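Peer 1: I'd like to ask some things about the structure below.
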Amino acid sequence: MQPDSTGWKAVIQITAAEVLNGMRDAGHIELRDSIIRFLRALAIEVGTTVTSGHPPPGLPMTIRGVTWYSVHVFNDPVFFNYSIYPEERQIRICDLIWVEAL
């Protein structure tokens, strides 16, 4: 039986949303859209791993009792941290770091 990962969503916290908006404002709309699609897909992947008992993607680190996972978006200059809330079927992205080349 396939684990049920439907209904999982990515919740973008305000500081991460500001970075996404900064991408748009700087004219990097394709990058912004790509990151949003990546986060949506990650939520589904995390839902599958949680329901199947496997570890989720990313490097885990626990801070004040909350486990955060650090992820680099392959081929894009973006890093972020997320936490998992299975009872709400969501991941929360709090820190999103965009390294823009000058």
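Chain identifiers are assigned as A, B, and so on, following the order in which chains appear in the structure tokens; residues are numbered from 1 within each chain, and ligands are numbered from 1 in order of appearance.
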Can you list, as a VMD selection string, every protein, DNA or RNA residue that comes within 12 Å of Glu18 of chain A when you count only C-alpha atoms, leaving out same-chain residues fewer than 2 positions away?

Peer 2: chain A and resid 12 to 16 20 to 25 32 93 to 98

Peer 1: Where in chain A does DSSP assign strand (DSSP E or B), given as a PyMOL selection string?

Peer 2: chain A and resi 9-12+59-63+66-73+78-85+90-98

Peer 1: What does the distance from atom CA of Arg40 of chain A to atom CA of Val99 of chain A come to in Å, to one decimal?

Peer 2: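 Result for atom CA of Arg40 of chain A versus atom CA of Val99 of chain A: 21.0 Å, one decimal.
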
Peer 1: Please extract the residues of chain A with a backbone DSSP assignment of helix (DSSP H, G or I) and present them as a ChimeraX atom specification.

Peer 2: /A:14-25,29-52,86-88

Peer 1: I'd like a table as a Markdown table: residues in segment 6-65 of chain A with an atom no more than 10 Å from segment 69-82 of chain A, each row giving the shortest atom pair and its distance in Å to one decimal, only C-alpha atoms counted, sorted by chain and rising residue number.

Peer 2:
```
| residue | atom | partner | partner_atom | distance |
| --- | --- | --- | --- | --- |
| A:Ala10 | CA | A:Tyr82 | CA | 9.1 |
| A:Val11 | CA | A:Tyr82 | CA | 9.3 |
| A:Ile12 | CA | A:Tyr82 | CA | 9.2 |
| A:Gln13 | CA | A:Tyr82 | CA | 9.8 |
| A:Ala16 | CA | A:Phe80 | CA | 8.4 |
| A:Leu31 | CA | A:Asp76 | CA | 7.9 |
| A:Ser34 | CA | A:Asp76 | CA | 9.2 |
| A:Ile35 | CA | A:Val73 | CA | 7.9 |
| A:Phe38 | CA | A:Val73 | CA | 8.0 |
| A:Leu39 | CA | A:Val73 | CA | 9.6 |
| A:Ala43 | CA | A:Tyr82 | CA | 9.9 |
| A:Pro56 | CA | A:Tyr69 | CA | 8.1 |
| A:Pro57 | CA | A:Tyr69 | CA | 7.2 |
| A:Gly58 | CA | A:Tyr69 | CA | 4.9 |
| A:Leu59 | CA | A:Ser70 | CA | 5.0 |
| A:Pro60 | CA | A:Tyr69 | CA | 4.4 |
| A:Met61 | CA | A:Tyr69 | CA | 6.3 |
| A:Thr62 | CA | A:Tyr69 | CA | 8.7 |
```

Peer 1: Any chance you can output those residues with C-alpha atoms as a PDB file, in the first residue's frame?

Peer 2:
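As written to disk, again.pdb reads:
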```pdb
ATOM      1  CA  ALA A  10       4.194  23.896   2.617  1.00  0.00           C
ATOM      2  CA  VAL A  11       3.540  26.874   4.852  1.00  0.00           C
ATOM      3  CA  ILE A  12       5.888  29.775   4.177  1.00  0.00           C
ATOM      4  CA  GLN A  13       6.668  31.870   7.251  1.00  0.00           C
ATOM      5  CA  ALA A  16      10.852  33.263   3.951  1.00  0.00           C
ATOM      6  CA  LEU A  31      13.531  31.274  -9.853  1.00  0.00           C
ATOM      7  CA  SER A  34      10.716  27.182  -9.328  1.00  0.00           C
ATOM      8  CA  ILE A  35      11.329  27.434  -5.581  1.00  0.00           C
ATOM      9  CA  PHE A  38      10.061  22.730  -5.160  1.00  0.00           C
ATOM     10  CA  LEU A  39       8.526  23.494  -1.753  1.00  0.00           C
ATOM     11  CA  ALA A  43       5.706  18.813   1.274  1.00  0.00           C
ATOM     12  CA  PRO A  56      12.714  13.202   5.676  1.00  0.00           C
ATOM     13  CA  PRO A  57      15.089  15.009   3.316  1.00  0.00           C
ATOM     14  CA  GLY A  58      17.627  17.409   4.737  1.00  0.00           C
ATOM     15  CA  LEU A  59      20.168  17.679   7.495  1.00  0.00           C
ATOM     16  CA  PRO A  60      18.370  17.480  10.861  1.00  0.00           C
ATOM     17  CA  MET A  61      19.129  19.818  13.740  1.00  0.00           C
ATOM     18  CA  THR A  62      17.141  20.214  16.937  1.00  0.00           C
TER      19      THR A  62
END
```

Peer 1: Identify, on the basis of only C-alpha atoms, every residue whose closest approach to segment 87-90 of chain A does not exceed 9 Å; exclude the query and any residue fewer than 4 positions from it along the same chain; express the result as a ChimeraX atom specification.

Peer 2: /A:5-11,43-44,46-47,83

Peer 1: Put those residues in a file: N, CA and C atoms, as a PDB file, in the first residue's frame.

Peer 2:
```
ATOM      1  N   SER A   5       0.175  10.642   1.221  1.00  0.00           N
ATOM      2  CA  SER A   5       0.833  11.937   1.386  1.00  0.00           C
ATOM      3  C   SER A   5      -0.038  13.068   0.857  1.00  0.00           C
ATOM      4  N   THR A   6      -1.281  12.761   0.479  1.00  0.00           N
ATOM      5  CA  THR A   6      -2.149  13.800  -0.056  1.00  0.00           C
ATOM      6  C   THR A   6      -2.525  14.789   1.043  1.00  0.00           C
ATOM      7  N   GLY A   7      -2.714  16.004   0.638  1.00  0.00           N
ATOM      8  CA  GLY A   7      -3.130  17.023   1.583  1.00  0.00           C
ATOM      9  C   GLY A   7      -1.996  17.698   2.331  1.00  0.00           C
ATOM     10  N   TRP A   8      -0.768  17.257   2.119  1.00  0.00           N
ATOM     11  CA  TRP A   8       0.361  17.915   2.782  1.00  0.00           C
ATOM     12  C   TRP A   8       0.641  19.225   2.070  1.00  0.00           C
ATOM     13  N   LYS A   9       0.977  20.250   2.860  1.00  0.00           N
ATOM     14  CA  LYS A   9       1.256  21.553   2.256  1.00  0.00           C
ATOM     15  C   LYS A   9       2.486  22.180   2.884  1.00  0.00           C
ATOM     16  N   ALA A  10       3.048  23.119   2.148  1.00  0.00           N
ATOM     17  CA  ALA A  10       4.194  23.896   2.617  1.00  0.00           C
ATOM     18  C   ALA A  10       3.671  25.258   3.057  1.00  0.00           C
ATOM     19  N   VAL A  11       3.936  25.581   4.308  1.00  0.00           N
ATOM     20  CA  VAL A  11       3.540  26.874   4.852  1.00  0.00           C
ATOM     21  C   VAL A  11       4.794  27.743   4.910  1.00  0.00           C
ATOM     22  N   ALA A  43       6.761  19.115   0.302  1.00  0.00           N
ATOM     23  CA  ALA A  43       5.706  18.813   1.274  1.00  0.00           C
ATOM     24  C   ALA A  43       5.104  17.436   1.015  1.00  0.00           C
ATOM     25  N   ILE A  44       4.876  17.108  -0.236  1.00  0.00           N
ATOM     26  CA  ILE A  44       4.331  15.790  -0.584  1.00  0.00           C
ATOM     27  C   ILE A  44       5.343  14.700  -0.257  1.00  0.00           C
ATOM     28  N   VAL A  46       7.759  14.812   1.985  1.00  0.00           N
ATOM     29  CA  VAL A  46       7.846  14.686   3.438  1.00  0.00           C
ATOM     30  C   VAL A  46       6.643  13.909   3.966  1.00  0.00           C
ATOM     31  N   GLY A  47       5.471  14.181   3.436  1.00  0.00           N
ATOM     32  CA  GLY A  47       4.279  13.427   3.844  1.00  0.00           C
ATOM     33  C   GLY A  47       4.455  11.944   3.621  1.00  0.00           C
ATOM     34  N   SER A  83      10.454  22.645   9.256  1.00  0.00           N
ATOM     35  CA  SER A  83      10.075  21.741  10.329  1.00  0.00           C
ATOM     36  C   SER A  83       8.800  21.021   9.896  1.00  0.00           C
TER      37      SER A  83
END
```

Peer 1: Please, what distance in Å, to one decimal, runs between atom CA of Val19 of chain A and atom CA of Asp33 of chain A?

Peer 2: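 Computed distance, atom CA of Val19 of chain A to atom CA of Asp33 of chain A, equals 12.4 Å.
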
Peer 1: So, with only C-alpha atoms as the atoms that count, which of A:Trp68, A:Thr48, A:Pro55, A:Ile63 lies closest to Arg92 of chain A?

Peer 2: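 The shortest atom-to-atom distance to Arg92 of chain A comes from A:Trp68.
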
Peer 1: Using only C-alpha atoms, which of A:Ile36, A:Val50, A:Ile29, A:Leu42 sits nearest Tyr85 of chain A?

Peer 2: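 Answer, going by the shortest atom-to-atom distance: A:Val50.
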